[in-house]
file target.csv (CSV, C-alpha atoms)
chain,number,residue,atom,x,y,z
V,185,PRO,CA,16.4,-17.4,-9.8
V,186,CYS,CA,14.0,-18.9,-7.3
V,187,VAL,CA,10.3,-19.1,-6.3
V,188,GLY,CA,9.6,-16.0,-4.2
V,189,GLN,CA,9.0,-16.3,-0.5
V,190,LEU,CA,7.6,-13.8,2.0
V,191,TRP,CA,7.9,-14.3,5.7
V,192,TYR,CA,6.1,-12.5,8.5
V,193,ARG,CA,7.9,-13.2,11.9
V,194,GLY,CA,9.0,-16.6,10.6
V,195,TYR,CA,5.7,-17.6,9.1
V,196,ARG,CA,5.3,-18.1,5.3
V,197,VAL,CA,2.6,-15.6,4.2
V,198,GLU,CA,0.9,-18.4,2.2
V,199,ASP,CA,0.5,-20.4,5.5
V,200,LEU,CA,-0.9,-17.3,7.3
V,201,ILE,CA,-3.5,-16.7,4.5
V,202,GLY,CA,-4.4,-20.4,4.4
V,203,SER,CA,-4.9,-20.6,8.1
V,204,LEU,CA,-7.7,-18.0,7.8
V,205,GLY,CA,-9.8,-20.3,5.6
V,206,GLU,CA,-12.4,-18.9,3.2
V,207,THR,CA,-14.4,-16.7,5.6
V,208,GLU,CA,-12.2,-15.4,8.5
V,209,LEU,CA,-10.9,-11.8,8.2
V,210,GLY,CA,-7.3,-11.7,9.5
V,211,TYR,CA,-5.9,-8.2,9.1
V,212,GLU,CA,-6.0,-7.6,12.9
V,213,LYS,CA,-4.6,-11.0,13.8
V,214,ILE,CA,-1.6,-10.6,11.4
V,215,ALA,CA,-1.1,-7.0,12.6
V,216,TYR,CA,-0.8,-8.4,16.2
V,217,LEU,CA,1.8,-10.9,14.9
V,218,LEU,CA,3.9,-8.2,13.4
V,219,LEU,CA,3.8,-6.0,16.5
V,220,MET,CA,4.1,-8.6,19.2
V,221,GLY,CA,6.2,-11.2,17.4
V,222,GLN,CA,3.9,-14.2,18.0
V,223,MET,CA,0.4,-15.3,16.9
V,224,PRO,CA,-2.3,-14.4,19.4
V,225,ASP,CA,-4.4,-16.9,21.2
V,226,SER,CA,-8.1,-16.5,21.1
V,227,ALA,CA,-8.2,-14.2,24.1
V,228,ALA,CA,-5.4,-12.0,22.9
V,229,ALA,CA,-6.9,-11.8,19.4
V,230,GLU,CA,-10.2,-10.7,20.7
V,231,GLU,CA,-8.6,-8.1,23.1
V,232,PHE,CA,-6.6,-6.7,20.2
V,233,ARG,CA,-9.6,-6.4,18.0
V,234,ARG,CA,-11.5,-4.7,20.8
V,235,LEU,CA,-8.6,-2.3,21.4
V,236,LEU,CA,-8.5,-1.3,17.7
V,237,GLY,CA,-12.2,-0.8,17.7
V,238,GLU,CA,-12.0,1.5,20.7
V,239,CYS,CA,-9.1,3.4,19.1
V,240,ARG,CA,-10.9,3.8,15.8
V,241,THR,CA,-12.0,7.3,16.4
V,242,LEU,CA,-10.5,10.8,15.9
V,243,PRO,CA,-10.3,13.7,18.5
V,244,THR,CA,-13.4,15.9,18.9
V,245,ASN,CA,-14.0,18.1,15.8
V,246,PHE,CA,-10.9,16.7,14.2
V,247,THR,CA,-12.8,15.6,11.1
V,248,ARG,CA,-14.4,19.0,10.7
V,249,ASP,CA,-11.5,21.2,11.6
V,250,VAL,CA,-8.5,19.4,10.2
V,251,ILE,CA,-9.9,17.2,7.3
V,252,MET,CA,-13.0,19.0,6.0
V,253,LYS,CA,-11.8,22.6,6.3
V,254,ALA,CA,-8.5,22.0,4.4
V,255,PRO,CA,-9.3,19.3,1.9
V,256,GLY,CA,-6.5,18.4,-0.5
V,257,LYS,CA,-6.4,16.9,-4.0
V,258,ASP,CA,-3.8,14.4,-2.8
V,259,ILE,CA,-5.2,12.0,-0.1
V,260,MET,CA,-1.7,11.0,0.9
V,261,ASN,CA,-0.8,14.6,1.7
V,262,SER,CA,-4.1,15.0,3.6
V,263,MET,CA,-3.3,11.8,5.6
V,264,THR,CA,0.2,12.9,6.4
V,265,ARG,CA,-1.0,16.3,7.6
V,266,GLY,CA,-3.5,14.5,9.7
V,267,ILE,CA,-0.9,12.3,11.3
V,268,LEU,CA,1.3,15.2,12.3
V,269,THR,CA,-1.8,17.1,13.6
V,270,LEU,CA,-2.7,14.1,15.8
V,271,ALA,CA,0.5,14.7,17.6
V,272,SER,CA,-0.9,18.0,18.9
V,273,TYR,CA,-3.7,16.0,20.7
V,274,ASP,CA,-1.3,13.7,22.3
V,275,GLU,CA,0.2,14.8,25.7
V,276,ARG,CA,3.0,12.3,25.3
V,277,ALA,CA,3.7,12.9,21.7
V,278,ILE,CA,7.5,13.0,22.0
V,279,ASP,CA,7.8,10.2,24.5
V,280,THR,CA,9.8,7.5,22.7
V,281,SER,CA,9.6,4.8,25.4
V,282,VAL,CA,8.6,1.4,24.1
V,283,SER,CA,5.2,1.3,25.8
V,284,ASN,CA,4.3,4.8,24.6
V,285,SER,CA,5.5,4.1,21.1
V,286,LEU,CA,3.4,0.9,21.0
V,287,ARG,CA,0.4,2.8,22.2
V,288,GLN,CA,0.8,5.4,19.5
V,289,CYS,CA,1.3,2.7,16.9
V,290,ILE,CA,-1.9,0.9,17.8
V,291,GLN,CA,-3.8,4.2,17.7
V,292,LEU,CA,-2.4,5.1,14.3
V,293,ILE,CA,-3.2,1.6,12.9
V,294,ALA,CA,-6.8,2.1,14.0
V,295,GLU,CA,-7.0,5.7,12.8
V,296,PHE,CA,-5.5,5.3,9.3
V,297,PRO,CA,-8.8,4.1,7.7
V,298,LEU,CA,-10.6,7.2,9.0
V,299,LEU,CA,-7.8,9.6,7.8
V,300,ALA,CA,-8.0,8.0,4.3
V,301,VAL,CA,-11.8,7.7,3.9
V,302,TYR,CA,-12.7,11.0,5.4
V,303,GLY,CA,-9.9,12.7,3.4
V,304,TYR,CA,-11.3,11.1,0.2
V,305,HIS,CA,-14.9,12.2,1.0
V,306,ALA,CA,-13.8,15.8,1.6
V,307,TYR,CA,-11.8,15.8,-1.7
V,308,ASN,CA,-14.7,14.2,-3.5
V,309,TYR,CA,-17.1,16.9,-2.2
V,310,TYR,CA,-15.0,20.0,-2.7
V,311,GLU,CA,-13.0,19.1,-5.8
V,312,ASN,CA,-15.4,16.7,-7.7
V,313,MET,CA,-18.6,18.5,-6.6
V,314,ASP,CA,-20.1,15.2,-5.5
V,315,SER,CA,-22.2,14.3,-2.5
V,316,MET,CA,-20.5,13.8,0.8
V,317,VAL,CA,-21.6,11.1,3.3
V,318,ILE,CA,-19.6,10.5,6.4
V,319,HIS,CA,-20.2,7.3,8.3
V,320,ARG,CA,-18.9,6.6,11.7
V,321,PRO,CA,-16.8,3.4,12.0
V,322,ASP,CA,-18.4,0.3,13.7
V,323,PRO,CA,-16.1,-1.0,16.5
V,324,ALA,CA,-17.5,-4.5,15.9
V,325,LEU,CA,-16.4,-4.6,12.3
V,326,SER,CA,-12.9,-5.5,10.9
V,327,THR,CA,-10.7,-3.0,9.2
V,328,ALA,CA,-11.7,-4.3,5.7
V,329,GLU,CA,-15.4,-4.2,6.6
V,330,ASN,CA,-15.2,-0.7,8.0
V,331,LEU,CA,-13.4,0.5,4.9
V,332,LEU,CA,-16.1,-0.7,2.6
V,333,MET,CA,-18.9,0.4,4.9
V,334,MET,CA,-17.5,3.9,5.3
V,335,LEU,CA,-16.7,4.4,1.6
V,336,ARG,CA,-20.2,3.4,0.4
V,337,PRO,CA,-23.2,5.7,0.8
V,338,ASN,CA,-25.5,2.7,1.5
V,339,LYS,CA,-22.9,1.0,3.8
V,340,LYS,CA,-23.5,-2.3,2.0
V,341,TYR,CA,-20.9,-4.9,1.1
V,342,THR,CA,-20.7,-8.6,0.6
V,343,ALA,CA,-18.7,-11.2,2.6
V,344,THR,CA,-16.7,-11.9,-0.6
V,345,GLU,CA,-15.7,-8.3,-1.1
V,346,ALA,CA,-14.6,-8.0,2.5
V,347,LYS,CA,-12.6,-11.2,2.3
V,348,VAL,CA,-10.8,-10.1,-0.9
V,349,LEU,CA,-10.0,-6.6,0.5
V,350,ASP,CA,-8.8,-8.2,3.8
V,351,THR,CA,-6.4,-10.5,1.8
V,352,ALA,CA,-5.0,-7.6,-0.1
V,353,LEU,CA,-4.4,-5.6,3.1
V,354,ILE,CA,-2.6,-8.6,4.7
V,355,LEU,CA,-0.4,-9.1,1.6
V,356,HIS,CA,0.7,-5.5,1.6
V,357,MET,CA,1.3,-5.3,5.3
V,358,GLU,CA,5.0,-6.0,5.4
V,359,HIS,CA,7.9,-6.5,3.0
V,360,GLY,CA,11.1,-6.4,5.0
V,361,GLY,CA,13.2,-3.5,6.0
V,362,GLY,CA,14.7,-2.9,2.5
V,363,ASN,CA,11.7,-1.3,0.8
V,364,ASN,CA,11.9,2.5,0.7
V,365,SER,CA,9.2,3.5,3.2
V,366,THR,CA,10.2,0.9,5.8
V,367,PHE,CA,13.8,1.9,5.5
V,368,THR,CA,12.6,5.5,6.0
V,369,THR,CA,10.8,4.3,9.2
V,370,ARG,CA,14.1,2.8,10.5
V,371,VAL,CA,16.2,5.8,9.6
V,372,ILE,CA,13.8,8.3,11.3
V,373,SER,CA,13.3,6.1,14.3
V,374,SER,CA,17.1,5.7,14.7
V,375,SER,CA,17.5,9.5,15.1
V,376,GLY,CA,15.3,9.4,18.2
V,377,SER,CA,12.4,11.1,16.6
V,378,ASP,CA,8.8,10.5,17.7
V,379,THR,CA,6.2,8.1,16.3
V,380,TYR,CA,4.1,10.7,14.5
V,381,SER,CA,7.1,12.2,12.6
V,382,THR,CA,8.4,8.7,11.8
V,383,ILE,CA,5.1,7.5,10.3
V,384,ALA,CA,4.6,10.8,8.4
V,385,ALA,CA,8.0,10.4,6.8
V,386,ALA,CA,7.1,6.8,5.8
V,387,MET,CA,4.0,8.2,4.2
V,388,SER,CA,6.0,10.7,2.2
V,389,SER,CA,8.2,7.9,0.9
V,390,LEU,CA,5.2,5.6,0.0
V,391,LYS,CA,3.6,8.5,-1.9
V,392,GLY,CA,6.3,8.4,-4.5
V,393,PRO,CA,5.0,6.8,-7.7
V,394,LYS,CA,8.0,4.5,-7.9
V,395,HIS,CA,7.0,3.0,-4.6
V,396,GLY,CA,3.3,3.2,-3.8
V,397,GLY,CA,1.6,4.1,-7.1
V,398,ALA,CA,2.4,1.1,-9.3
V,399,ASN,CA,-1.0,-0.5,-9.1
V,400,LEU,CA,-2.6,2.7,-10.4
V,401,MET,CA,-0.3,2.6,-13.4
V,402,VAL,CA,-1.2,-1.0,-14.0
V,403,ASN,CA,-4.9,-0.1,-14.0
V,404,ARG,CA,-4.4,2.7,-16.5
V,405,GLN,CA,-2.2,0.6,-18.7
V,406,LEU,CA,-4.8,-2.2,-18.7
V,407,GLN,CA,-7.4,0.2,-20.1
V,408,ASP,CA,-4.9,1.4,-22.7
V,409,VAL,CA,-4.2,-2.2,-23.9
V,410,LEU,CA,-7.9,-3.1,-24.1
V,411,LYS,CA,-8.5,0.1,-26.1
V,412,HIS,CA,-5.9,-0.6,-28.7
V,413,VAL,CA,-6.1,-4.4,-29.0
V,414,GLU,CA,-9.0,-5.4,-31.1
V,415,ASN,CA,-9.0,-9.1,-30.2
V,416,PRO,CA,-7.9,-9.6,-26.6
V,417,GLU,CA,-7.7,-13.4,-27.2
V,418,ASP,CA,-5.2,-13.0,-30.0
V,419,ASP,CA,-1.8,-13.6,-28.4
V,420,ASP,CA,0.1,-12.2,-31.4
V,421,GLU,CA,-1.8,-8.9,-31.3
V,422,VAL,CA,-1.4,-8.6,-27.5
V,423,ARG,CA,2.3,-9.5,-27.8
V,424,GLU,CA,2.9,-6.9,-30.5
V,425,TYR,CA,1.2,-4.1,-28.5
V,426,LEU,CA,3.2,-5.0,-25.4
V,427,ARG,CA,6.4,-4.9,-27.6
V,428,ARG,CA,5.4,-1.3,-28.7
V,429,ILE,CA,5.0,-0.3,-25.0
V,430,LEU,CA,8.4,-1.7,-24.2
V,431,ARG,CA,9.9,0.3,-27.1
V,432,LYS,CA,8.2,3.5,-25.9
V,433,GLN,CA,6.0,3.6,-29.0
V,434,ALA,CA,2.8,3.1,-27.1
V,435,GLY,CA,1.3,3.5,-23.6
V,436,ASP,CA,2.5,6.4,-21.6
V,437,GLY,CA,5.9,6.4,-23.2
V,438,SER,CA,7.8,5.2,-20.2
V,439,GLY,CA,8.9,1.9,-21.8
V,440,LEU,CA,7.6,0.0,-18.7
V,441,ILE,CA,5.1,-2.8,-18.6
V,442,TYR,CA,3.6,-2.0,-15.2
V,443,GLY,CA,3.1,-5.0,-12.8
V,444,MET,CA,5.9,-6.9,-14.3
V,445,GLY,CA,9.3,-7.3,-12.6
V,446,HIS,CA,10.5,-6.9,-9.1
V,447,ALA,CA,13.7,-5.9,-7.3
V,448,VAL,CA,13.7,-9.1,-5.2
V,449,TYR,CA,11.5,-11.7,-6.9
V,450,THR,CA,12.5,-13.5,-10.0
V,451,ILE,CA,10.4,-16.5,-10.8
V,452,SER,CA,7.3,-15.5,-8.8
V,453,ASP,CA,5.9,-13.1,-6.3
V,454,PRO,CA,4.0,-15.0,-3.6
V,455,ARG,CA,1.6,-12.0,-3.0
V,456,GLU,CA,0.7,-11.9,-6.7
V,457,VAL,CA,0.0,-15.7,-6.8
V,458,ILE,CA,-2.5,-15.3,-4.0
V,459,LEU,CA,-4.1,-12.1,-5.3
V,460,LYS,CA,-4.5,-13.5,-8.8
V,461,GLN,CA,-6.6,-16.4,-7.4
V,462,ARG,CA,-8.7,-14.0,-5.3
V,463,ALA,CA,-9.2,-11.6,-8.2
V,464,LYS,CA,-10.4,-14.5,-10.4
V,465,HIS,CA,-13.4,-15.3,-8.1
V,466,LEU,CA,-14.3,-11.6,-7.9
V,467,ALA,CA,-13.9,-10.9,-11.6
V,468,TYR,CA,-16.3,-13.7,-12.7
V,469,GLU,CA,-18.7,-12.6,-10.0
V,470,LYS,CA,-18.7,-8.9,-11.1
V,471,GLY,CA,-18.3,-9.2,-14.8
V,472,PHE,CA,-14.6,-8.2,-15.2
V,473,GLU,CA,-13.6,-11.4,-17.0
V,474,GLU,CA,-12.1,-9.4,-20.0
V,475,GLU,CA,-9.9,-7.3,-17.7
V,476,TYR,CA,-8.8,-10.3,-15.6
V,477,ASN,CA,-8.0,-12.4,-18.7
V,478,MET,CA,-5.9,-9.6,-20.2
V,479,LEU,CA,-3.8,-9.3,-17.1
V,480,CYS,CA,-3.3,-13.1,-17.2
V,481,SER,CA,-2.2,-12.7,-20.9
V,482,ILE,CA,0.2,-9.9,-19.9
V,483,GLU,CA,1.7,-12.0,-17.2
V,484,ARG,CA,2.2,-14.9,-19.6
V,485,LEU,CA,3.5,-13.0,-22.6
V,486,ALA,CA,5.6,-10.2,-21.1
V,487,PRO,CA,8.6,-12.3,-19.9
V,488,GLY,CA,9.3,-13.5,-23.4
V,489,ILE,CA,9.0,-10.0,-24.8
V,490,PHE,CA,11.4,-8.7,-22.2
V,491,ALA,CA,13.9,-11.4,-23.1
V,492,GLU,CA,13.7,-10.7,-26.8
V,493,GLU,CA,13.8,-6.9,-26.5
V,494,LYS,CA,16.4,-6.6,-23.8
V,495,GLY,CA,18.5,-9.5,-24.8
V,496,SER,CA,18.5,-10.7,-21.1
V,497,THR,CA,18.2,-14.1,-19.7
V,498,LYS,CA,17.1,-12.8,-16.3
V,499,PRO,CA,13.7,-14.1,-15.3
V,500,VAL,CA,10.9,-11.5,-15.1
V,501,CYS,CA,7.8,-12.3,-13.0
V,502,ALA,CA,4.5,-10.5,-12.3
V,503,ASN,CA,4.5,-8.5,-9.0
V,504,VAL,CA,1.7,-7.8,-6.5
V,505,ASP,CA,0.6,-4.7,-8.3
V,506,LEU,CA,-0.6,-6.6,-11.4
V,507,PHE,CA,-3.9,-7.6,-9.8
V,508,SER,CA,-4.3,-5.3,-6.8
V,509,GLY,CA,-5.4,-2.4,-8.9
V,510,LEU,CA,-8.0,-4.6,-10.6
V,511,ILE,CA,-9.3,-5.8,-7.2
V,512,TYR,CA,-9.7,-2.2,-6.0
V,513,ASN,CA,-11.5,-1.3,-9.3
V,514,MET,CA,-13.9,-4.2,-8.9
V,515,LEU,CA,-14.6,-3.1,-5.4
V,516,GLY,CA,-15.6,0.3,-6.7
V,517,ILE,CA,-12.7,2.1,-5.0
V,518,SER,CA,-11.5,5.3,-6.6
V,519,GLU,CA,-8.0,5.4,-8.0
V,520,ASP,CA,-7.4,8.3,-5.6
V,521,LEU,CA,-7.4,5.8,-2.7
V,522,TYR,CA,-5.1,3.1,-4.2
V,523,THR,CA,-2.0,4.4,-2.5
V,524,PRO,CA,-3.8,5.4,0.8
V,525,LEU,CA,-5.0,1.7,0.9
V,526,PHE,CA,-1.4,0.6,0.6
V,527,ALA,CA,-0.6,2.9,3.6
V,528,ILE,CA,-3.5,1.4,5.6
V,529,ALA,CA,-2.1,-2.0,4.9
V,530,ARG,CA,1.5,-1.2,5.5
V,531,VAL,CA,1.3,0.9,8.7
V,532,PRO,CA,1.4,-2.3,11.0
V,533,GLY,CA,4.6,-3.2,9.2
V,534,TRP,CA,6.1,0.3,9.7
V,535,CYS,CA,5.0,0.2,13.3
V,536,ALA,CA,6.7,-3.2,13.9
V,537,HIS,CA,10.0,-1.9,12.6
V,538,ARG,CA,9.5,1.4,14.5
V,539,VAL,CA,9.1,-0.5,17.8
V,540,GLU,CA,11.9,-2.9,17.1
V,541,GLU,CA,14.2,0.1,16.3
V,542,VAL,CA,13.2,1.7,19.6
V,543,ILE,CA,13.9,-1.5,21.6
V,544,PHE,CA,17.1,-2.7,20.1
V,545,ALA,CA,18.9,0.1,18.2
V,546,ASN,CA,21.0,2.6,20.0
V,547,ARG,CA,22.9,4.2,17.0
V,548,ILE,CA,21.7,6.5,14.3
V,549,ILE,CA,21.6,5.2,10.8
V,550,ARG,CA,24.0,7.3,8.8
V,551,PRO,CA,24.8,6.2,5.3
V,552,ALA,CA,28.2,7.1,4.0
V,553,TYR,CA,28.6,9.2,0.8
V,554,LYS,CA,31.7,9.8,-1.2
V,555,TYR,CA,32.3,13.1,-3.1
V,556,LEU,CA,33.1,12.4,-6.7
V,557,GLY,CA,33.8,16.0,-7.8
V,558,VAL,CA,37.2,17.7,-8.3
V,559,ARG,CA,38.9,19.0,-5.2
V,560,GLN,CA,39.8,22.7,-5.5
V,561,LYS,CA,41.7,25.4,-3.8
V,562,TYR,CA,39.9,28.4,-2.6
V,563,LYS,CA,40.2,31.6,-4.7
V,564,PRO,CA,39.4,35.1,-3.6
V,565,ILE,CA,36.4,36.6,-5.3
V,566,GLU,CA,38.5,39.0,-7.4
V,567,GLU,CA,40.4,36.0,-8.9
V,568,ARG,CA,37.3,34.0,-9.9
call {"tool": "encode", "arguments": {"input": "target.csv", "output": "C-alpha cells"}}
result
Amino acid sequence: PCVGQLWYRGYRVEDLIGSLGETELGYEKIAYLLLMGQMPDSAAAEEFRRLLGECRTLPTNFTRDVIMKAPGKDIMNSMTRGILTLASYDERAIDTSVSNSLRQCIQLIAEFPLLAVYGYHAYNYYENMDSMVIHRPDPALSTAENLLMMLRPNKKYTATEAKVLDTALILHMEHGGGNNSTFTTRVISSSGSDTYSTIAAAMSSLKGPKHGGANLMVNRQLQDVLKHVENPEDDDEVREYLRRILRKQAGDGSGLIYGMGHAVYTISDPREVILKQRAKHLAYEKGFEEEYNMLCSIERLAPGIFAEEKGSTKPVCANVDLFSGLIYNMLGISEDLYTPLFAIARVPGWCAHRVEEVIFANRIIRPAYKYLGVRQKYKPIEER
C-alpha cells in the first residue's frame, strides 16, 4: 500500500496542475508534453495552441451529412463512426509514417470536441425532441472553453467553470499503457494499422462501462443514496445503506460502491485528491453542498465497510470517478456526454502511445493463449 502517483513524461501530475496556477488553462500545454516528450517554451506553446485552433474544424458538409443525417442514441458510437469517416477525407489516411501519424493525431485532438458536441446536439434534437443550436468553435479559445461555449445555447460560461473542466480533462489525459483503451491503441498500432482505425478501436474500448462509464454510475448511485438516506449527516444511517449496497440489497444490485477502489491505487488516487478540491469550490458556488458532502462521507466510510464485509485488510481508496461525475453535473453537462468527455481528455494520451509505437516498435503485439479443453481424436460424422 502506498500513496498513489501519476506521472506524465516524468512529471508528477500534481506539479503540472500546480504550475498552471488558479487561472491558466493547461490542456493544450500538457497535450504537447505528452506528444513531444517535453514541456513547451512560450513560443512552442503558442504555436501548438494556434495549430489546434486551425485544426478545430470538420470537412465541408461533414456535420450535416455525417453527424446530423445519421444521429445515434450513443454518442460514443457516433464519434467512432465520425473518426472512421474522417479517414475518407484524408488523402494520406493509410500513411503510417511518424510525421503523418503526428499530423493526424493533432487533427483528431482538435476535432474530438466537435464530434462529441455536434453528435450530442443531433441526438438531443432527434431523440429528445429538444432544440438544436450549433455553434462554431472559436480558434482563440481553449478546449475547455470551446466545449462549454458550444454546448450552451447562450455560449456563456465562467472562468471558474472553464478552469474546473480544464483540470478534469488534464487528469483524464493519460494513465499509462496498462489501461484497456491505451493498451488497445498499442495493440492496433503494432499491427501496422492506420491512425483512424487505431483511435476508433480505442474508442470502442473506452465505451465499455467497466472502463469509461464509471463516473456515470457514481452519479446515479449518489442520487439513490440521497433518496434513501433521510439524514445525510448521520454516519450510521449512511454506513448502513452503503452496507446494503455492498450486499446487493440496495442500489442497482451490482454489489459495487462506485467510485471506490482501483486496480493500481491503494491509499489514494492523486487525480481524485485534486478533483475533490476543485469540486468543493464549485459545489459551494452552485449549491451542490449536499451532493458534495455525501460523496465525502462515502469516501470516508466505504473503506471500513469493505473491510468488515469482505474480511480483507487490503486498503480501498476513492478513485477519480467519485467526483468527476459531480463536476460534470454541476457544469450542466448531460450524462450522455460523460464518456465522450473522457475520450476528449484521453485522446492526447492515446496519440502519444500511438506515435511512440510507430517510432520504436517493430513487432506485433501478440498475446499467448493456452487451450484448457480436452484434446480429442477426430471421428467421422457417422460415428459421432
call {"tool": "closest_residue", "arguments": {"input": "target.csv", "among": "V:Val197, V:Val409, V:Ala294, V:Val531", "to": "Asp453 of chain V", "atoms": "all atoms listed in the file"}}
result
V:Val197
call {"tool": "residues_near_point", "arguments": {"input": "target.csv", "point": "(-7.9, -3.8, -12.1)", "cutoff": "8 Å", "atoms": "all atoms listed in the file", "output": "list in words"}}
result
Val402, Asn403, Leu406, Glu475, Tyr476, Leu506, Phe507, Ser508, Gly509, Leu510, Ile511, Tyr512, Asn513 and Met514 of chain V
call {"tool": "closest_residue", "arguments": {"input": "target.csv", "among": "V:Asn261, V:Gln189, V:Ser481, V:Thr450", "to": "Ser389 of chain V", "atoms": "all atoms listed in the file"}}
result
V:Asn261
call {"tool": "atom_distance", "arguments": {"input": "target.csv", "atom1": "atom CA of Val448 of chain V", "atom2": "atom CA of Pro524 of chain V"}}
result
23.5 Å
call {"tool": "closest_residue", "arguments": {"input": "target.csv", "among": "V:Ser203, V:Thr264, V:Gln405, V:Asn546", "to": "Ala385 of chain V", "atoms": "all atoms listed in the file"}}
result
V:Thr264
call {"tool": "residues_around", "arguments": {"input": "target.csv", "residues": "Ala324 of chain V", "least_positions_apart": "4", "cutoff": "9 Å", "atoms": "all atoms listed in the file", "output": "mmCIF file with C-alpha atoms, keeping the file's coordinate frame"}}
result
data_model
loop_
_atom_site.group_PDB
_atom_site.id
_atom_site.type_symbol
_atom_site.label_atom_id
_atom_site.label_comp_id
_atom_site.auth_asym_id
_atom_site.auth_seq_id
_atom_site.Cartn_x
_atom_site.Cartn_y
_atom_site.Cartn_z
ATOM 1 C CA ARG V 233 -9.600 -6.400 18.000
ATOM 2 C CA ARG V 234 -11.500 -4.700 20.800
ATOM 3 C CA GLY V 237 -12.200 -0.800 17.700
#
call {"tool": "axis_aligned_box", "arguments": {"input": "target.csv", "around": "segment 448-453 of chain V", "padding_each_side": "6 Å", "output": "JSON"}}
result
{"center_x": 9.8, "center_y": -12.8, "center_z": -8.0, "size_x": 19.8, "size_y": 19.4, "size_z": 17.6}
call {"tool": "atom_distance", "arguments": {"input": "target.csv", "atom1": "atom CA of His356 of chain V", "atom2": "atom CA of Pro321 of chain V"}}
result
22.2 Å
call {"tool": "decode", "arguments": {"input": "target.csv", "residues": "segment 448-462 of chain V", "atoms": "N, CA and C atoms", "output": "short mmCIF file (atom, residue, chain, number, x, y, z; two decimals), in the first residue's frame"}}
result
data_model
loop_
_atom_site.label_atom_id
_atom_site.label_comp_id
_atom_site.auth_asym_id
_atom_site.auth_seq_id
_atom_site.Cartn_x
_atom_site.Cartn_y
_atom_site.Cartn_z
N VAL V 448 -4.85 -0.10 -9.44
CA VAL V 448 -3.46 0.27 -9.16
C VAL V 448 -3.32 0.99 -7.82
N TYR V 449 -4.19 1.97 -7.57
CA TYR V 449 -4.05 2.79 -6.37
C TYR V 449 -4.63 2.09 -5.14
N THR V 450 -3.98 2.30 -4.00
CA THR V 450 -4.41 1.67 -2.75
C THR V 450 -4.78 2.69 -1.69
N ILE V 451 -3.86 3.55 -1.32
CA ILE V 451 -4.12 4.54 -0.27
C ILE V 451 -4.79 5.79 -0.84
N SER V 452 -4.40 6.19 -2.04
CA SER V 452 -5.01 7.38 -2.63
C SER V 452 -4.80 7.39 -4.13
N ASP V 453 -5.73 8.04 -4.82
CA ASP V 453 -5.64 8.30 -6.25
C ASP V 453 -5.34 9.79 -6.40
N PRO V 454 -4.17 10.17 -6.93
CA PRO V 454 -3.81 11.60 -6.98
C PRO V 454 -4.80 12.43 -7.78
N ARG V 455 -5.44 11.83 -8.76
CA ARG V 455 -6.43 12.55 -9.57
C ARG V 455 -7.65 12.90 -8.73
N GLU V 456 -8.07 11.96 -7.90
CA GLU V 456 -9.23 12.18 -7.04
C GLU V 456 -8.95 13.28 -6.02
N VAL V 457 -7.74 13.29 -5.48
CA VAL V 457 -7.37 14.29 -4.48
C VAL V 457 -7.51 15.70 -5.06
N ILE V 458 -7.05 15.87 -6.31
CA ILE V 458 -7.11 17.18 -6.95
C ILE V 458 -8.55 17.54 -7.31
N LEU V 459 -9.28 16.59 -7.91
CA LEU V 459 -10.66 16.88 -8.33
C LEU V 459 -11.57 17.16 -7.14
N LYS V 460 -11.31 16.48 -6.03
CA LYS V 460 -12.13 16.71 -4.84
C LYS V 460 -12.05 18.16 -4.40
N GLN V 461 -10.86 18.73 -4.44
CA GLN V 461 -10.68 20.13 -4.04
C GLN V 461 -11.35 21.07 -5.03
N ARG V 462 -11.21 20.77 -6.34
CA ARG V 462 -11.86 21.60 -7.35
C ARG V 462 -13.37 21.52 -7.23
#
